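Right, one structure below, let's go through it.
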Amino acid sequence: MCSLRVIFFFVAVTASIEATSFNVTQATLWWQTTTLYQIWPRSFKDSDGDGIGDLNGIASKLTHLVDMGVEVIWLSPFFASPLIDSGYDISDYLSVNPVYGTLDDFDDLIATANELGLKVVLDYVPNHTSDEHAWFNYSKYSVDPYTDYYIWNEGIEVNGTRNPPNNWLSVFNSGSAWEWVDERQAYYLHQFHVKQPDLNFTNELVIEETKEILTFWLDRGIYGFRIDSLPYLIEAASLADEPESGLDGYESTDYYYLEHIYTKDLQENYEIVQIWRDHIDNYTSVKGDGVERVMFTEAYANISSIMEYYDYGSHIPFNFFMIKDENGVNNAVLDTASEVVDIIVKWMENLPDNATANWVFGNHDNSRIATKLGEARVDAVNLLLFLLPGVATIYNGDEIGMTDTYLTWEETEDPQACSTDESRYESFSRDPERTPYQWDNTTSAGFSTNATTMLPVNSNYLTLNLAAQKAADISNYKNVQALIQLRNSTIIQAGNLNVQVISESVIAFTRELSDYQPIVVLVNWDNATAVTLSLEVFDSLPETLEVLIADINSGIAVGDQYAKTSIELPANAAIVLQGVEDTVSGSRTIRSSTTRYILGLICLLPLTYNHSPMLFT
Ligand code: NOJ
Ligand code: MG
Ligand code: CA
């Protein structure tokens, strides 16, 4: 139940990082304020009743995505693949896995998307292919020019037994990152699954192949790439053993047993990123349409390593600090408001001049927001995601607050979990956040006409589904729609960011722009205690503020007005306010009727976060 207890906090409490303001890079290009929606093709929508999502299924839902307000969709891999790692093991970069459709289906999807004004971005997985890729087959037999497409090594002989050249470990917790191949009488390197051999990025021919792949898809009408696993592209030529990490709780075959100083985050990786940036910029300039193609890059690493991707041409190096810690190892600690504020401030302070900020709270590799942070915080997270400056990335299902699905050991598919055992797999599995999208309360949640689906549907689909949220007066989904609409306003696109910790439990920021009424975002991160706040610390605010958007549990009504010095915020409540126009002469407001929703009094109890901090990085 919502707590009605109100505790008074009129004194500002200092965060571990001083509250501060940031100028926001003015957007001049289409992608700089965009909303990127990640689609997991296997679980989004099945069109042919085989229980597996597909391209035609995605195409059938594009109007829904427009209705939601997203501008760009990122499709996770649908390429030819034996699907050992859900398609991140590609056996042909230039064809569509028949499970998902055909190249013609893809072209139709792009045509429909373009008609609807949606841009499509594809996942590109350069670090490794599938071992079923033709290149690997040739390389295995030393057929030129493929002989050195992969990283081969004869290993070392110890007491008459052949061993891998060093102690490097697979990310997927399966032990050695080297696998012996009889045909070649050598080991190959696989930083991920044994069926995902690493390409050799010191080989110019490999780099040329990567450019051709990018061009192939750009020619089919896409607007950019999400590039996978960048920290792993290049390994140290010395092949030196990596030291033990000393981290607790890892077995000697677990990835984090070692500290990855020779296999991750090498400086040479950035040069490859710059090659791709130059290639896609060149594509745009030859095309002559003036629409920049964009690179979103995936790297879990420390802040300086991430920011360096901007310097080498990544438009958007994903900001994963709301998901993982500074080193990309453990889950981010988001226990208190000041921990969340610290992450916002750290990102903004480190952002290079003229770079575009971005925010990510969930994806296919990490526990869902509603499970990890609590169902009652779904709206709160979305307020942060959509109203902080720059690009917002949302994972399909998070707009309706989907939760992780419990799966038995027998049901588990994720190789990262399958390489462990029945007693530990839950800590490692990414399947819980990959179950079918919950469209409605019909068979298989409207995902498929088939009652058996790729992974089981979460049993909560009867009440937790999109159709129910569209029908309700207030819902997580309707708040996402309102937030995305608000993103289109000048103040959110261009307003400076002023972040403050005004009580121990509250995240507070404003977006401010001269001649516009400021927008204020307030999130009570405490899940048990209400607070009453004064916003006097924000100099630019007028005396009266009006609620534009409020989370579904807060009991606060859209249109409610507050004196700046006294705002009561229940536990977990999150609201967006705007200064009332008449109090600032000559001001303009950007309020829209779609942001006015009546509030309900439903209170959802936060779920306990039960993923271990050891998930994939
Ligand atoms: C990162 C992807 O996000 C993840 O799902 C995949 O398992 C690894 N890269 C390996 O490709
Ligand atoms: Mg299908
Ligand atoms: Ca590599």
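Quick note on naming: the chains in the structure tokens go A, B, ... in the order shown, residues restart at 1 in each chain, and ligands are numbered from 1 in order of appearance.
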Spatial neighbours of A:Ala468, 10 Å, only C-alpha atoms, chain gap at least 4 places, as an MDAnalysis selection string: chainID A and resid 400 439:441 461:464 472:473 475 477
Export, as an mmCIF file, in the first residue's frame, the selected residues with N, CA, C and O atoms.
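Dumped to out22.cif:
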data_model
loop_
_atom_site.group_PDB
_atom_site.id
_atom_site.type_symbol
_atom_site.label_atom_id
_atom_site.label_comp_id
_atom_site.auth_asym_id
_atom_site.auth_seq_id
_atom_site.Cartn_x
_atom_site.Cartn_y
_atom_site.Cartn_z
ATOM 1 N N ILE A 400 6.139 -1.308 -20.596
ATOM 2 C CA ILE A 400 4.956 -1.757 -19.838
ATOM 3 C C ILE A 400 5.381 -2.388 -18.502
ATOM 4 O O ILE A 400 4.573 -2.993 -17.812
ATOM 5 N N TRP A 439 1.618 -8.781 -25.314
ATOM 6 C CA TRP A 439 0.750 -7.855 -26.054
ATOM 7 C C TRP A 439 -0.643 -7.769 -25.432
ATOM 8 O O TRP A 439 -1.226 -6.694 -25.355
ATOM 9 N N ASP A 440 -1.203 -8.941 -25.058
ATOM 10 C CA ASP A 440 -2.572 -8.939 -24.519
ATOM 11 C C ASP A 440 -2.780 -10.193 -23.671
ATOM 12 O O ASP A 440 -1.804 -10.901 -23.361
ATOM 13 N N ASN A 441 -4.021 -10.504 -23.332
ATOM 14 C CA ASN A 441 -4.258 -11.643 -22.421
ATOM 15 C C ASN A 441 -4.734 -12.899 -23.167
ATOM 16 O O ASN A 441 -5.288 -13.808 -22.566
ATOM 17 N N TYR A 461 1.186 -12.386 -17.634
ATOM 18 C CA TYR A 461 0.691 -11.709 -18.852
ATOM 19 C C TYR A 461 -0.811 -11.434 -18.810
ATOM 20 O O TYR A 461 -1.299 -10.538 -19.487
ATOM 21 N N LEU A 462 -1.550 -12.211 -18.010
ATOM 22 C CA LEU A 462 -3.007 -12.016 -17.984
ATOM 23 C C LEU A 462 -3.366 -10.600 -17.532
ATOM 24 O O LEU A 462 -4.332 -10.013 -17.991
ATOM 25 N N THR A 463 -2.567 -10.049 -16.639
ATOM 26 C CA THR A 463 -2.834 -8.672 -16.190
ATOM 27 C C THR A 463 -1.772 -7.693 -16.678
ATOM 28 O O THR A 463 -2.071 -6.525 -16.917
ATOM 29 N N LEU A 464 -0.534 -8.172 -16.829
ATOM 30 C CA LEU A 464 0.529 -7.259 -17.274
ATOM 31 C C LEU A 464 0.686 -7.406 -18.784
ATOM 32 O O LEU A 464 1.376 -8.317 -19.265
ATOM 33 N N ALA A 472 -6.302 1.175 -19.834
ATOM 34 C CA ALA A 472 -6.387 1.810 -18.508
ATOM 35 C C ALA A 472 -6.290 3.335 -18.625
ATOM 36 O O ALA A 472 -5.693 3.851 -19.566
ATOM 37 N N ASP A 473 -6.862 4.037 -17.657
ATOM 38 C CA ASP A 473 -6.748 5.493 -17.650
ATOM 39 C C ASP A 473 -5.305 5.928 -17.449
ATOM 40 O O ASP A 473 -4.849 6.890 -18.044
ATOM 41 N N SER A 475 -1.248 4.283 -16.889
ATOM 42 C CA SER A 475 -0.415 3.074 -16.959
ATOM 43 C C SER A 475 1.023 3.476 -17.234
ATOM 44 O O SER A 475 1.297 4.611 -17.650
ATOM 45 N N TYR A 477 2.702 2.452 -19.680
ATOM 46 C CA TYR A 477 2.776 2.710 -21.119
ATOM 47 C C TYR A 477 2.319 4.132 -21.452
ATOM 48 O O TYR A 477 2.974 4.849 -22.223
#
Alpha helix (DSSP H) residues, from DSSP on the backbone, in stretch 179-314 of chain A, as a ChimeraX atom specification: /A:204-218,268-287,303-311
Ligand 2 neighbours within 9 Å using only C-alpha atoms and all ligand atoms, as a VMD selection string: chain A and resid 42 45 to 57 99 to 101 448
Strand (DSSP E) per DSSP on the backbone: members of stretch 412-540 of chain A, as a PyMOL selection string: chain A and resi 496-503+506-512+519-524+530-533
If you keep N, CA and C atoms, can you produce a file of those selected residues as a PDB file, in the first residue's frame?
ATOM      1  N   ASN A 496      19.299  23.267 -20.386  1.00  0.00           N
ATOM      2  CA  ASN A 496      20.424  22.829 -19.562  1.00  0.00           C
ATOM      3  C   ASN A 496      19.936  21.963 -18.409  1.00  0.00           C
ATOM      4  N   LEU A 497      20.862  21.195 -17.873  1.00  0.00           N
ATOM      5  CA  LEU A 497      20.527  20.240 -16.813  1.00  0.00           C
ATOM      6  C   LEU A 497      21.079  20.737 -15.491  1.00  0.00           C
ATOM      7  N   ASN A 498      20.225  20.786 -14.494  1.00  0.00           N
ATOM      8  CA  ASN A 498      20.659  21.182 -13.150  1.00  0.00           C
ATOM      9  C   ASN A 498      20.232  20.062 -12.197  1.00  0.00           C
ATOM     10  N   VAL A 499      21.211  19.311 -11.679  1.00  0.00           N
ATOM     11  CA  VAL A 499      20.913  18.145 -10.831  1.00  0.00           C
ATOM     12  C   VAL A 499      21.197  18.488  -9.379  1.00  0.00           C
ATOM     13  N   GLN A 500      20.278  18.141  -8.495  1.00  0.00           N
ATOM     14  CA  GLN A 500      20.467  18.440  -7.074  1.00  0.00           C
ATOM     15  C   GLN A 500      20.038  17.241  -6.230  1.00  0.00           C
ATOM     16  N   VAL A 501      20.655  17.101  -5.074  1.00  0.00           N
ATOM     17  CA  VAL A 501      20.103  16.165  -4.084  1.00  0.00           C
ATOM     18  C   VAL A 501      19.474  17.036  -3.016  1.00  0.00           C
ATOM     19  N   ILE A 502      18.146  17.049  -2.981  1.00  0.00           N
ATOM     20  CA  ILE A 502      17.474  17.965  -2.050  1.00  0.00           C
ATOM     21  C   ILE A 502      16.972  17.263  -0.799  1.00  0.00           C
ATOM     22  N   SER A 503      17.080  15.944  -0.792  1.00  0.00           N
ATOM     23  CA  SER A 503      16.865  15.209   0.450  1.00  0.00           C
ATOM     24  C   SER A 503      17.604  13.893   0.254  1.00  0.00           C
ATOM     25  N   VAL A 506      15.770  11.802  -2.489  1.00  0.00           N
ATOM     26  CA  VAL A 506      15.157  12.349  -3.705  1.00  0.00           C
ATOM     27  C   VAL A 506      16.179  12.710  -4.783  1.00  0.00           C
ATOM     28  N   ILE A 507      15.893  12.248  -5.990  1.00  0.00           N
ATOM     29  CA  ILE A 507      16.656  12.660  -7.165  1.00  0.00           C
ATOM     30  C   ILE A 507      15.869  13.826  -7.754  1.00  0.00           C
ATOM     31  N   ALA A 508      16.525  14.945  -7.958  1.00  0.00           N
ATOM     32  CA  ALA A 508      15.818  16.122  -8.477  1.00  0.00           C
ATOM     33  C   ALA A 508      16.664  16.771  -9.553  1.00  0.00           C
ATOM     34  N   PHE A 509      16.037  17.059 -10.677  1.00  0.00           N
ATOM     35  CA  PHE A 509      16.753  17.870 -11.663  1.00  0.00           C
ATOM     36  C   PHE A 509      15.779  18.762 -12.411  1.00  0.00           C
ATOM     37  N   THR A 510      16.343  19.809 -12.975  1.00  0.00           N
ATOM     38  CA  THR A 510      15.539  20.677 -13.834  1.00  0.00           C
ATOM     39  C   THR A 510      16.158  20.703 -15.222  1.00  0.00           C
ATOM     40  N   ARG A 511      15.326  21.042 -16.198  1.00  0.00           N
ATOM     41  CA  ARG A 511      15.798  21.403 -17.530  1.00  0.00           C
ATOM     42  C   ARG A 511      15.412  22.865 -17.696  1.00  0.00           C
ATOM     43  N   GLU A 512      16.387  23.695 -18.001  1.00  0.00           N
ATOM     44  CA  GLU A 512      16.176  25.139 -17.971  1.00  0.00           C
ATOM     45  C   GLU A 512      16.669  25.775 -19.256  1.00  0.00           C
ATOM     46  N   ILE A 519      11.341  22.820 -16.506  1.00  0.00           N
ATOM     47  CA  ILE A 519      10.728  21.524 -16.188  1.00  0.00           C
ATOM     48  C   ILE A 519      11.485  20.962 -14.990  1.00  0.00           C
ATOM     49  N   VAL A 520      10.758  20.408 -14.043  1.00  0.00           N
ATOM     50  CA  VAL A 520      11.388  19.810 -12.856  1.00  0.00           C
ATOM     51  C   VAL A 520      11.015  18.331 -12.792  1.00  0.00           C
ATOM     52  N   VAL A 521      12.001  17.481 -12.549  1.00  0.00           N
ATOM     53  CA  VAL A 521      11.751  16.050 -12.348  1.00  0.00           C
ATOM     54  C   VAL A 521      12.102  15.722 -10.899  1.00  0.00           C
ATOM     55  N   LEU A 522      11.165  15.102 -10.206  1.00  0.00           N
ATOM     56  CA  LEU A 522      11.391  14.720  -8.804  1.00  0.00           C
ATOM     57  C   LEU A 522      11.099  13.231  -8.642  1.00  0.00           C
ATOM     58  N   VAL A 523      12.048  12.505  -8.079  1.00  0.00           N
ATOM     59  CA  VAL A 523      11.863  11.071  -7.872  1.00  0.00           C
ATOM     60  C   VAL A 523      12.198  10.755  -6.422  1.00  0.00           C
ATOM     61  N   ASN A 524      11.226  10.237  -5.691  1.00  0.00           N
ATOM     62  CA  ASN A 524      11.516   9.758  -4.334  1.00  0.00           C
ATOM     63  C   ASN A 524      11.988   8.316  -4.452  1.00  0.00           C
ATOM     64  N   ALA A 530       7.607   8.707   2.703  1.00  0.00           N
ATOM     65  CA  ALA A 530       7.272   9.920   1.946  1.00  0.00           C
ATOM     66  C   ALA A 530       8.142  11.085   2.413  1.00  0.00           C
ATOM     67  N   VAL A 531       8.265  12.094   1.558  1.00  0.00           N
ATOM     68  CA  VAL A 531       9.039  13.286   1.938  1.00  0.00           C
ATOM     69  C   VAL A 531       8.250  14.530   1.546  1.00  0.00           C
ATOM     70  N   THR A 532       8.554  15.635   2.215  1.00  0.00           N
ATOM     71  CA  THR A 532       8.049  16.926   1.756  1.00  0.00           C
ATOM     72  C   THR A 532       9.256  17.789   1.433  1.00  0.00           C
ATOM     73  N   LEU A 533       9.222  18.389   0.260  1.00  0.00           N
ATOM     74  CA  LEU A 533      10.418  19.022  -0.273  1.00  0.00           C
ATOM     75  C   LEU A 533      10.231  20.508  -0.468  1.00  0.00           C
TER      76      LEU A 533
END
Expected selection as number ranges by chain for ligand 1 within 6 Å, only C-alpha atoms and all ligand atoms: A: 85, 88, 228-229, 365
Pull N, CA and C atoms from the residues just selected and write them as a PDB file, in the first residue's frame.
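Result went into again-v2.pdb, see below:
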ATOM      1  N   ASP A  85      24.133 -18.451 -29.447  1.00  0.00           N
ATOM      2  CA  ASP A  85      24.074 -17.282 -28.570  1.00  0.00           C
ATOM      3  C   ASP A  85      23.000 -16.328 -29.097  1.00  0.00           C
ATOM      4  N   TYR A  88      23.915 -13.985 -31.885  1.00  0.00           N
ATOM      5  CA  TYR A  88      25.185 -13.243 -31.830  1.00  0.00           C
ATOM      6  C   TYR A  88      26.331 -14.154 -32.304  1.00  0.00           C
ATOM      7  N   ASP A 228      28.563  -4.470 -31.501  1.00  0.00           N
ATOM      8  CA  ASP A 228      28.628  -5.399 -30.376  1.00  0.00           C
ATOM      9  C   ASP A 228      30.053  -5.587 -29.839  1.00  0.00           C
ATOM     10  N   SER A 229      30.180  -5.709 -28.538  1.00  0.00           N
ATOM     11  CA  SER A 229      31.390  -6.235 -27.877  1.00  0.00           C
ATOM     12  C   SER A 229      32.692  -5.568 -28.297  1.00  0.00           C
ATOM     13  N   ASP A 365      20.731  -8.202 -22.018  1.00  0.00           N
ATOM     14  CA  ASP A 365      21.790  -8.868 -21.260  1.00  0.00           C
ATOM     15  C   ASP A 365      21.649  -8.685 -19.758  1.00  0.00           C
TER      16      ASP A 365
END
Within-9 Å residues of ligand 3, basis only C-alpha atoms and all ligand atoms, as a list in words: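 The residues near ligand 3 are Pro126, Asn127, His128, Ile151, Leu189, His190, Gln191, Pro197, Asp198, Leu199, Asn200, Phe201, Ser229, Leu230, Pro231, Tyr232, Leu233, Ile234, Glu235, Thr263 and Lys264 of chain A.
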Distance criterion (only C-alpha atoms): nearest to A:Tyr255 out of A:Val329, A:Val341, A:Ala59, A:Val72: A:Val329
Separation of atom CA of A:Glu71 from atom CA of A:Leu118, in Å and rounded to one decimal: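 Taking atom CA of A:Glu71 as the start and atom CA of A:Leu118 as the end point, the length is 5.2 Å.
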List as a PDB file with all heavy atoms, in the first residue's frame the protein and nucleic acid residues near stretch 136-141 of chain A, meaning an atom at most 9 Å away when only C-alpha atoms are counted, but skip any in the same chain fewer than 5 places from it.
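Output below, filename part.pdb:
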ATOM      1  N   THR A 129      32.591 -14.614 -35.433  1.00  0.00           N
ATOM      2  CA  THR A 129      31.556 -15.200 -36.287  1.00  0.00           C
ATOM      3  C   THR A 129      31.091 -16.473 -35.576  1.00  0.00           C
ATOM      4  O   THR A 129      31.586 -16.813 -34.494  1.00  0.00           O
ATOM      5  CB  THR A 129      32.118 -15.596 -37.667  1.00  0.00           C
ATOM      6  OG1 THR A 129      33.027 -16.692 -37.495  1.00  0.00           O
ATOM      7  CG2 THR A 129      32.828 -14.426 -38.343  1.00  0.00           C
ATOM      8  N   SER A 130      30.177 -17.173 -36.239  1.00  0.00           N
ATOM      9  CA  SER A 130      29.894 -18.544 -35.805  1.00  0.00           C
ATOM     10  C   SER A 130      31.009 -19.437 -36.348  1.00  0.00           C
ATOM     11  O   SER A 130      31.638 -19.108 -37.360  1.00  0.00           O
ATOM     12  CB  SER A 130      28.556 -18.972 -36.405  1.00  0.00           C
ATOM     13  OG  SER A 130      28.447 -20.384 -36.378  1.00  0.00           O
ATOM     14  N   ASP A 131      31.248 -20.565 -35.695  1.00  0.00           N
ATOM     15  CA  ASP A 131      32.215 -21.521 -36.279  1.00  0.00           C
ATOM     16  C   ASP A 131      31.618 -22.183 -37.526  1.00  0.00           C
ATOM     17  O   ASP A 131      32.298 -22.919 -38.223  1.00  0.00           O
ATOM     18  CB  ASP A 131      32.653 -22.570 -35.250  1.00  0.00           C
ATOM     19  CG  ASP A 131      31.520 -23.487 -34.829  1.00  0.00           C
ATOM     20  OD1 ASP A 131      30.329 -23.136 -35.028  1.00  0.00           O
ATOM     21  OD2 ASP A 131      31.808 -24.564 -34.274  1.00  0.00           O
ATOM     22  N   TYR A 146      41.746 -16.850 -46.346  1.00  0.00           N
ATOM     23  CA  TYR A 146      41.098 -16.933 -45.023  1.00  0.00           C
ATOM     24  C   TYR A 146      42.007 -17.471 -43.903  1.00  0.00           C
ATOM     25  O   TYR A 146      41.611 -17.494 -42.739  1.00  0.00           O
ATOM     26  CB  TYR A 146      39.834 -17.816 -45.111  1.00  0.00           C
ATOM     27  CG  TYR A 146      38.886 -17.302 -46.177  1.00  0.00           C
ATOM     28  CD1 TYR A 146      38.807 -17.918 -47.423  1.00  0.00           C
ATOM     29  CD2 TYR A 146      38.116 -16.170 -45.952  1.00  0.00           C
ATOM     30  CE1 TYR A 146      37.963 -17.422 -48.412  1.00  0.00           C
ATOM     31  CE2 TYR A 146      37.269 -15.659 -46.930  1.00  0.00           C
ATOM     32  CZ  TYR A 146      37.200 -16.295 -48.164  1.00  0.00           C
ATOM     33  OH  TYR A 146      36.382 -15.793 -49.132  1.00  0.00           O
ATOM     34  N   THR A 147      43.220 -17.888 -44.291  1.00  0.00           N
ATOM     35  CA  THR A 147      44.102 -18.558 -43.322  1.00  0.00           C
ATOM     36  C   THR A 147      44.220 -17.772 -42.013  1.00  0.00           C
ATOM     37  O   THR A 147      44.112 -18.342 -40.922  1.00  0.00           O
ATOM     38  CB  THR A 147      45.504 -18.754 -43.951  1.00  0.00           C
ATOM     39  OG1 THR A 147      45.312 -19.420 -45.196  1.00  0.00           O
ATOM     40  CG2 THR A 147      46.402 -19.560 -43.042  1.00  0.00           C
ATOM     41  N   ASP A 148      44.411 -16.451 -42.131  1.00  0.00           N
ATOM     42  CA  ASP A 148      44.610 -15.653 -40.911  1.00  0.00           C
ATOM     43  C   ASP A 148      43.393 -14.788 -40.568  1.00  0.00           C
ATOM     44  O   ASP A 148      43.536 -13.719 -39.972  1.00  0.00           O
ATOM     45  CB  ASP A 148      45.862 -14.771 -41.073  1.00  0.00           C
ATOM     46  CG  ASP A 148      47.108 -15.623 -41.169  1.00  0.00           C
ATOM     47  OD1 ASP A 148      47.173 -16.648 -40.458  1.00  0.00           O
ATOM     48  OD2 ASP A 148      47.996 -15.291 -41.979  1.00  0.00           O
ATOM     49  N   TYR A 149      42.229 -15.246 -40.958  1.00  0.00           N
ATOM     50  CA  TYR A 149      41.016 -14.502 -40.584  1.00  0.00           C
ATOM     51  C   TYR A 149      40.710 -14.659 -39.085  1.00  0.00           C
ATOM     52  O   TYR A 149      39.964 -13.883 -38.513  1.00  0.00           O
ATOM     53  CB  TYR A 149      39.805 -15.005 -41.383  1.00  0.00           C
ATOM     54  CG  TYR A 149      39.526 -14.216 -42.655  1.00  0.00           C
ATOM     55  CD1 TYR A 149      40.564 -13.760 -43.461  1.00  0.00           C
ATOM     56  CD2 TYR A 149      38.223 -13.930 -43.041  1.00  0.00           C
ATOM     57  CE1 TYR A 149      40.299 -13.033 -44.624  1.00  0.00           C
ATOM     58  CE2 TYR A 149      37.947 -13.213 -44.194  1.00  0.00           C
ATOM     59  CZ  TYR A 149      38.981 -12.765 -44.982  1.00  0.00           C
ATOM     60  OH  TYR A 149      38.714 -12.055 -46.128  1.00  0.00           O
ATOM     61  N   TYR A 150      41.221 -15.687 -38.482  1.00  0.00           N
ATOM     62  CA  TYR A 150      40.955 -15.956 -37.058  1.00  0.00           C
ATOM     63  C   TYR A 150      42.293 -15.998 -36.320  1.00  0.00           C
ATOM     64  O   TYR A 150      43.357 -15.859 -36.929  1.00  0.00           O
ATOM     65  CB  TYR A 150      40.185 -17.281 -36.908  1.00  0.00           C
ATOM     66  CG  TYR A 150      38.805 -17.181 -37.559  1.00  0.00           C
ATOM     67  CD1 TYR A 150      38.650 -17.443 -38.929  1.00  0.00           C
ATOM     68  CD2 TYR A 150      37.694 -16.786 -36.835  1.00  0.00           C
ATOM     69  CE1 TYR A 150      37.415 -17.317 -39.541  1.00  0.00           C
ATOM     70  CE2 TYR A 150      36.441 -16.661 -37.446  1.00  0.00           C
ATOM     71  CZ  TYR A 150      36.305 -16.923 -38.799  1.00  0.00           C
ATOM     72  OH  TYR A 150      35.076 -16.791 -39.395  1.00  0.00           O
ATOM     73  N   VAL A 181      41.818 -27.545 -32.767  1.00  0.00           N
ATOM     74  CA  VAL A 181      41.201 -28.017 -34.008  1.00  0.00           C
ATOM     75  C   VAL A 181      42.169 -28.985 -34.688  1.00  0.00           C
ATOM     76  O   VAL A 181      43.275 -28.599 -35.092  1.00  0.00           O
ATOM     77  CB  VAL A 181      40.882 -26.837 -34.955  1.00  0.00           C
ATOM     78  CG1 VAL A 181      40.497 -27.320 -36.342  1.00  0.00           C
ATOM     79  CG2 VAL A 181      39.751 -25.997 -34.368  1.00  0.00           C
ATOM     80  N   ASP A 182      41.767 -30.224 -34.810  1.00  0.00           N
ATOM     81  CA  ASP A 182      42.635 -31.246 -35.394  1.00  0.00           C
ATOM     82  C   ASP A 182      43.067 -30.909 -36.811  1.00  0.00           C
ATOM     83  O   ASP A 182      44.224 -31.056 -37.174  1.00  0.00           O
ATOM     84  CB  ASP A 182      41.899 -32.603 -35.422  1.00  0.00           C
ATOM     85  CG  ASP A 182      41.994 -33.293 -34.080  1.00  0.00           C
ATOM     86  OD1 ASP A 182      42.889 -32.917 -33.278  1.00  0.00           O
ATOM     87  OD2 ASP A 182      41.146 -34.174 -33.809  1.00  0.00           O
ATOM     88  N   GLU A 183      42.062 -30.457 -37.603  1.00  0.00           N
ATOM     89  CA  GLU A 183      42.352 -30.195 -39.017  1.00  0.00           C
ATOM     90  C   GLU A 183      43.523 -29.236 -39.183  1.00  0.00           C
ATOM     91  O   GLU A 183      44.309 -29.365 -40.111  1.00  0.00           O
ATOM     92  CB  GLU A 183      41.120 -29.590 -39.718  1.00  0.00           C
ATOM     93  CG  GLU A 183      39.938 -30.522 -39.835  1.00  0.00           C
ATOM     94  CD  GLU A 183      39.008 -30.459 -38.627  1.00  0.00           C
ATOM     95  OE1 GLU A 183      39.488 -30.108 -37.521  1.00  0.00           O
ATOM     96  OE2 GLU A 183      37.816 -30.770 -38.772  1.00  0.00           O
ATOM     97  N   ARG A 184      43.623 -28.260 -38.289  1.00  0.00           N
ATOM     98  CA  ARG A 184      44.669 -27.237 -38.441  1.00  0.00           C
ATOM     99  C   ARG A 184      45.837 -27.492 -37.488  1.00  0.00           C
ATOM    100  O   ARG A 184      46.872 -26.847 -37.562  1.00  0.00           O
ATOM    101  CB  ARG A 184      44.046 -25.860 -38.197  1.00  0.00           C
ATOM    102  CG  ARG A 184      45.030 -24.731 -38.248  1.00  0.00           C
ATOM    103  CD  ARG A 184      44.598 -23.563 -39.073  1.00  0.00           C
ATOM    104  NE  ARG A 184      45.577 -22.487 -38.926  1.00  0.00           N
ATOM    105  CZ  ARG A 184      45.509 -21.327 -39.529  1.00  0.00           C
ATOM    106  NH1 ARG A 184      44.503 -21.058 -40.365  1.00  0.00           N
ATOM    107  NH2 ARG A 184      46.428 -20.410 -39.350  1.00  0.00           N
ATOM    108  N   ALA A 186      45.980 -26.722 -34.410  1.00  0.00           N
ATOM    109  CA  ALA A 186      46.191 -25.459 -33.676  1.00  0.00           C
ATOM    110  C   ALA A 186      44.938 -25.137 -32.863  1.00  0.00           C
ATOM    111  O   ALA A 186      43.853 -25.690 -33.108  1.00  0.00           O
ATOM    112  CB  ALA A 186      46.495 -24.329 -34.652  1.00  0.00           C
ATOM    113  N   PRO A 197      34.259 -18.175 -32.773  1.00  0.00           N
ATOM    114  CA  PRO A 197      35.689 -17.848 -32.908  1.00  0.00           C
ATOM    115  C   PRO A 197      35.920 -16.357 -33.163  1.00  0.00           C
ATOM    116  O   PRO A 197      35.190 -15.730 -33.927  1.00  0.00           O
ATOM    117  CB  PRO A 197      36.123 -18.676 -34.129  1.00  0.00           C
ATOM    118  CG  PRO A 197      34.874 -18.992 -34.878  1.00  0.00           C
ATOM    119  CD  PRO A 197      33.775 -19.057 -33.853  1.00  0.00           C
TER     120      PRO A 197
END
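Each of A:Gln438, A:Thr112, A:Asn282, A:Thr393 was compared to A:Thr63 using only C-alpha atoms, and A:Thr112 turns out to be the nearest.
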Between atom CA of A:Leu36 and atom CA of A:Val273, distance in Å (one decimal): 20.7 Å
Selected residue, from A:Trp152, A:Gln196, A:Tyr250, A:Ser176, that lies nearest to A:Ile90 when counting only C-alpha atoms: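 Under the stated criterion, the closest residue is A:Gln196.
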Spatial neighbours of stretch 343-357 of chain A, 8 Å, only C-alpha atoms, chain gap at least 2 places, as a PyMOL selection string: chain A and resi 17+19-20+22+25+32+303-304+307+310-311+315-316+319+321-322+339-341+359+389-391+499
